[in-house]
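Chemist: Pasting a structure here, questions to come.
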Amino acid sequence: MKIHEYQAKAILKRHGVPVPDGEVATNAAEAREIAHRLGGSVVVVKAQIHAGGRGKGGGVKLARSSDEAERIARDMVGMTLVTHQTGPEGRVVGRVLVEEGLQMTRELYLSLVLDRSAGKPVMMASAAGGMDIEEVAASTPEKIIRVYIEPGVGIVPFEARQIGFAIGLDGPQVNKFVKLATSLYEAFLTTDASLVEINPLVVTAAGDLLALDAKMNFDDNALYRHPDIKELRDLSEEDPLEIEASKFSLNYIHLDGNIGCMVNGAGLAMATMDIIKLAGGEPANFLDVGGGANAEQIRNAFKILMSDKNVKAVLINIFGGILRCDVLAQGVIAAVKDLGVTVPIVIRMEGTNVDEGKKLLRDSGMKLTTADSMDEAATKVVQLAG
């Protein structure tokens with residue numbers, strides 16, 4: 001689950017990470033009031049969407065008065081902001097963060113993420129922070145410092161000092177960095193976050209360190225432990241079909257192709273999408289019905305698939321274990337009849353009761369294409385999708 005910048009900063013602040021003063025506004029009048037309360041000669045108005053690259057897209061602007069903050073907010077709230085992370089369709093801005101302006105001398109990068117291959121959290125930092133950190137990672141990866149943290153120990157002061165000196169901080173700043181890095185790890189661990197990213201982490205003219213931007217993602221499986229964080233979910237920032245799928249315990253990710261994929265198991269889903277691309281097609285989604293799916297879930301999965309008007313054919317690739325092949329076949333037949341599905345459907349299944357499942361499909365009287373291998377299934381569905 002993702003949250004907005006202003007929400008992430010509130011969490012980090014509770015754990016001792018220094019952030020600029022600011023408040024969120026949903027309209028121009030509120031932005032004006034916040035700018036007036038903050039005082040100072042400059043405030044920053046920042047669009048709040050679940051995507052990076054806002055500055056380059058016109059979603060971060062300086063205001064030198066409360067009147068100017070009001071004008072900027074009026075233009076920004078309701079606009080469709082397009083960045084390199086939103087895609088060409090962009091995201092509609094529903095609120096803005098109005099923050100105090102700062103005199104900055106340096107922009108750094110700092111993040112925490114779980115490295116699954118190492119089985120440990122890794123803290124990453126770079127002296128080359130700011131809007132082009134992706135370019136830094138791609139072209140000069142040696143500029144990114146990585147320190148792996150032992151989960152049972154946590155980050156220790158010498159590791160934080162090592163990072164601080166590596167990104168060019170001086171002695172007093174390194175001491176402040178040690179405290180900040182320790183607080184950041186505490187926030188990461190306590191909230192079951194999967195990502196905490198500060199870009200940029202700025203050094204002010206006074207020599208202080210502040211999180212000028214903040215991004216946090218959380219492990220969905222741990223949200224039951226954090227009802228306060230779960231309440232921060234902004235459904236308007238998520239794909240409506242992904243939200244609908246989650247209601248039925250289905251895992252759905254929308255993609256750009258025209259072949260719908262219904263599978264059980266994330267590994268099989270990845271393999272299915274790969275083999276569709278190998279056959280020259282493009283998957284329209286990742287839809288995992290899970291190991292214990294029943295006929296009703298299969299019906300709901302079809303309903304979600306058919307809601308995407310780009311889908312020209314469907315590939316069902318199931319390994320029957322807990323979900324038996326005969327139950328799958330019954331669910332598919334019922335769903336196709338009930339929903340009036342007209343696009344071609346290719347079914348490849350193996351496992352428990354596979355012969356019974358195939359017989360049900362043959363006897364259904366429907367135009368359902370079957371395949372015995374993934375290769376064959378992918379070739380057939382790509383042809384049927386045109």
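FYI, nothing fancy with the structure tokens labels: chains A, B, ... in order, residues from 1 per chain, ligands from 1 as they appear.
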Quick one: which segment 60-124 of chain A residues come within 6 Å of segment 20-39 of chain A, and what is the nearest atom pair for each with the distance in Å to one decimal, counting only C-alpha atoms, rows ordered by chain and ascending number, as JSON lines?

Modeler:
```
{"residue": "A:Ser66", "atom": "CA", "partner": "A:Arg32", "partner_atom": "CA", "distance": 4.9}
{"residue": "A:Ala69", "atom": "CA", "partner": "A:Arg32", "partner_atom": "CA", "distance": 5.8}
{"residue": "A:Glu70", "atom": "CA", "partner": "A:Ala28", "partner_atom": "CA", "distance": 4.7}
{"residue": "A:Ala73", "atom": "CA", "partner": "A:Ala28", "partner_atom": "CA", "distance": 4.9}
{"residue": "A:Arg74", "atom": "CA", "partner": "A:Ala28", "partner_atom": "CA", "distance": 4.8}
{"residue": "A:Arg95", "atom": "CA", "partner": "A:Thr26", "partner_atom": "CA", "distance": 4.4}
{"residue": "A:Val96", "atom": "CA", "partner": "A:Ala25", "partner_atom": "CA", "distance": 5.3}
{"residue": "A:Leu97", "atom": "CA", "partner": "A:Val24", "partner_atom": "CA", "distance": 4.4}
{"residue": "A:Val98", "atom": "CA", "partner": "A:Gly22", "partner_atom": "CA", "distance": 5.4}
{"residue": "A:Glu99", "atom": "CA", "partner": "A:Gly22", "partner_atom": "CA", "distance": 4.0}
{"residue": "A:Glu100", "atom": "CA", "partner": "A:Asp21", "partner_atom": "CA", "distance": 5.8}
```

Chemist: Give the answer as one residue: which of A:Asp326, A:Asp213, A:Glu68, A:Asp192 has the shortest atom-to-atom distance to Leu108 of chain A, using only C-alpha atoms?

Modeler: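 Nearest to Leu108 of chain A: A:Asp213.
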
Chemist: Extract the full set of alpha helix (DSSP H) residues from segment 4-104 of chain A according to DSSP on the backbone, and format it as a PyMOL selection string.

Modeler: chain A and resi 5-14+28-38+66-76

Chemist: Rounded to one decimal place, report the atom CA of Gln297 of chain A-atom CA of Gly340 of chain A distance in Å.

Modeler: 16.7 Å

Chemist: Could you jot down the atom CA of Phe302 of chain A to atom CA of Glu238 of chain A separation for me, Å, one decimal place?

Modeler: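 Calculated distance between atom CA of Phe302 of chain A and atom CA of Glu238 of chain A is 20.0 Å.
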
Chemist: Which residues of segment 64-131 of chain A come within 9 Å of segment 141-155 of chain A, and what is each one's closest atom pair and distance in Å (one decimal), counting only C-alpha atoms, sorted by chain and residue number, as a Markdown table?

Modeler:
```
| residue | atom | partner | partner_atom | distance |
| --- | --- | --- | --- | --- |
| A:Tyr109 | CA | A:Ile144 | CA | 8.7 |
| A:Asp115 | CA | A:Tyr148 | CA | 8.5 |
| A:Ala118 | CA | A:Tyr148 | CA | 8.4 |
| A:Gly119 | CA | A:Pro151 | CA | 8.8 |
| A:Lys120 | CA | A:Ile149 | CA | 6.1 |
| A:Pro121 | CA | A:Ile149 | CA | 5.5 |
| A:Val122 | CA | A:Tyr148 | CA | 4.4 |
| A:Met123 | CA | A:Val147 | CA | 5.3 |
| A:Met124 | CA | A:Arg146 | CA | 4.6 |
| A:Ala125 | CA | A:Ile145 | CA | 5.1 |
| A:Ser126 | CA | A:Ile144 | CA | 4.8 |
| A:Ala127 | CA | A:Lys143 | CA | 7.3 |
| A:Ala128 | CA | A:Lys143 | CA | 7.3 |
```

Chemist: Convert the current residue selection to file output with N, CA, C and O atoms, as an mmCIF file, in the first residue's frame.

Modeler:
```cif
data_model
loop_
_atom_site.group_PDB
_atom_site.id
_atom_site.type_symbol
_atom_site.label_atom_id
_atom_site.label_comp_id
_atom_site.auth_asym_id
_atom_site.auth_seq_id
_atom_site.Cartn_x
_atom_site.Cartn_y
_atom_site.Cartn_z
ATOM 1 N N TYR A 109 20.379 11.793 -1.162
ATOM 2 C CA TYR A 109 19.375 10.722 -1.317
ATOM 3 C C TYR A 109 19.546 9.728 -0.190
ATOM 4 O O TYR A 109 20.674 9.363 0.178
ATOM 5 N N ASP A 115 15.891 -6.012 0.827
ATOM 6 C CA ASP A 115 16.577 -6.742 -0.238
ATOM 7 C C ASP A 115 16.233 -8.222 -0.067
ATOM 8 O O ASP A 115 16.744 -8.890 0.829
ATOM 9 N N ALA A 118 19.122 -10.838 -0.262
ATOM 10 C CA ALA A 118 19.979 -10.882 0.926
ATOM 11 C C ALA A 118 19.191 -11.239 2.181
ATOM 12 O O ALA A 118 19.775 -11.646 3.187
ATOM 13 N N GLY A 119 17.881 -11.059 2.141
ATOM 14 C CA GLY A 119 17.056 -11.316 3.318
ATOM 15 C C GLY A 119 17.261 -10.298 4.414
ATOM 16 O O GLY A 119 17.092 -10.592 5.599
ATOM 17 N N LYS A 120 17.632 -9.077 4.015
ATOM 18 C CA LYS A 120 17.915 -8.020 4.990
ATOM 19 C C LYS A 120 17.429 -6.671 4.459
ATOM 20 O O LYS A 120 17.375 -6.473 3.245
ATOM 21 N N PRO A 121 17.143 -5.744 5.365
ATOM 22 C CA PRO A 121 16.929 -4.369 4.903
ATOM 23 C C PRO A 121 18.261 -3.781 4.437
ATOM 24 O O PRO A 121 19.321 -4.105 4.988
ATOM 25 N N VAL A 122 18.204 -2.927 3.439
ATOM 26 C CA VAL A 122 19.404 -2.247 2.974
ATOM 27 C C VAL A 122 19.141 -0.747 2.979
ATOM 28 O O VAL A 122 18.096 -0.293 2.515
ATOM 29 N N MET A 123 20.070 0.008 3.568
ATOM 30 C CA MET A 123 19.974 1.465 3.532
ATOM 31 C C MET A 123 20.843 1.945 2.379
ATOM 32 O O MET A 123 22.009 1.579 2.278
ATOM 33 N N MET A 124 20.250 2.772 1.510
ATOM 34 C CA MET A 124 20.968 3.292 0.357
ATOM 35 C C MET A 124 21.039 4.807 0.453
ATOM 36 O O MET A 124 20.066 5.457 0.850
ATOM 37 N N ALA A 125 22.171 5.354 0.087
ATOM 38 C CA ALA A 125 22.362 6.800 0.159
ATOM 39 C C ALA A 125 23.248 7.249 -0.985
ATOM 40 O O ALA A 125 24.036 6.457 -1.530
ATOM 41 N N SER A 126 23.098 8.521 -1.344
ATOM 42 C CA SER A 126 23.934 9.071 -2.404
ATOM 43 C C SER A 126 24.091 10.572 -2.211
ATOM 44 O O SER A 126 23.163 11.255 -1.768
ATOM 45 N N ALA A 127 25.266 11.064 -2.556
ATOM 46 C CA ALA A 127 25.488 12.511 -2.542
ATOM 47 C C ALA A 127 24.786 13.177 -3.712
ATOM 48 O O ALA A 127 24.597 14.391 -3.724
ATOM 49 N N ALA A 128 24.398 12.375 -4.711
ATOM 50 C CA ALA A 128 23.746 12.905 -5.917
ATOM 51 C C ALA A 128 22.234 12.734 -5.804
ATOM 52 O O ALA A 128 21.605 12.035 -6.590
#
```

Chemist: For a quick check of understanding, using only C-alpha atoms, which of A:Gly171, A:Gly351, A:Gly101, A:Gly365 has the smallest distance to Val327 of chain A?

Modeler: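 Closest to Val327 of chain A, using only C-alpha atoms: A:Gly351.
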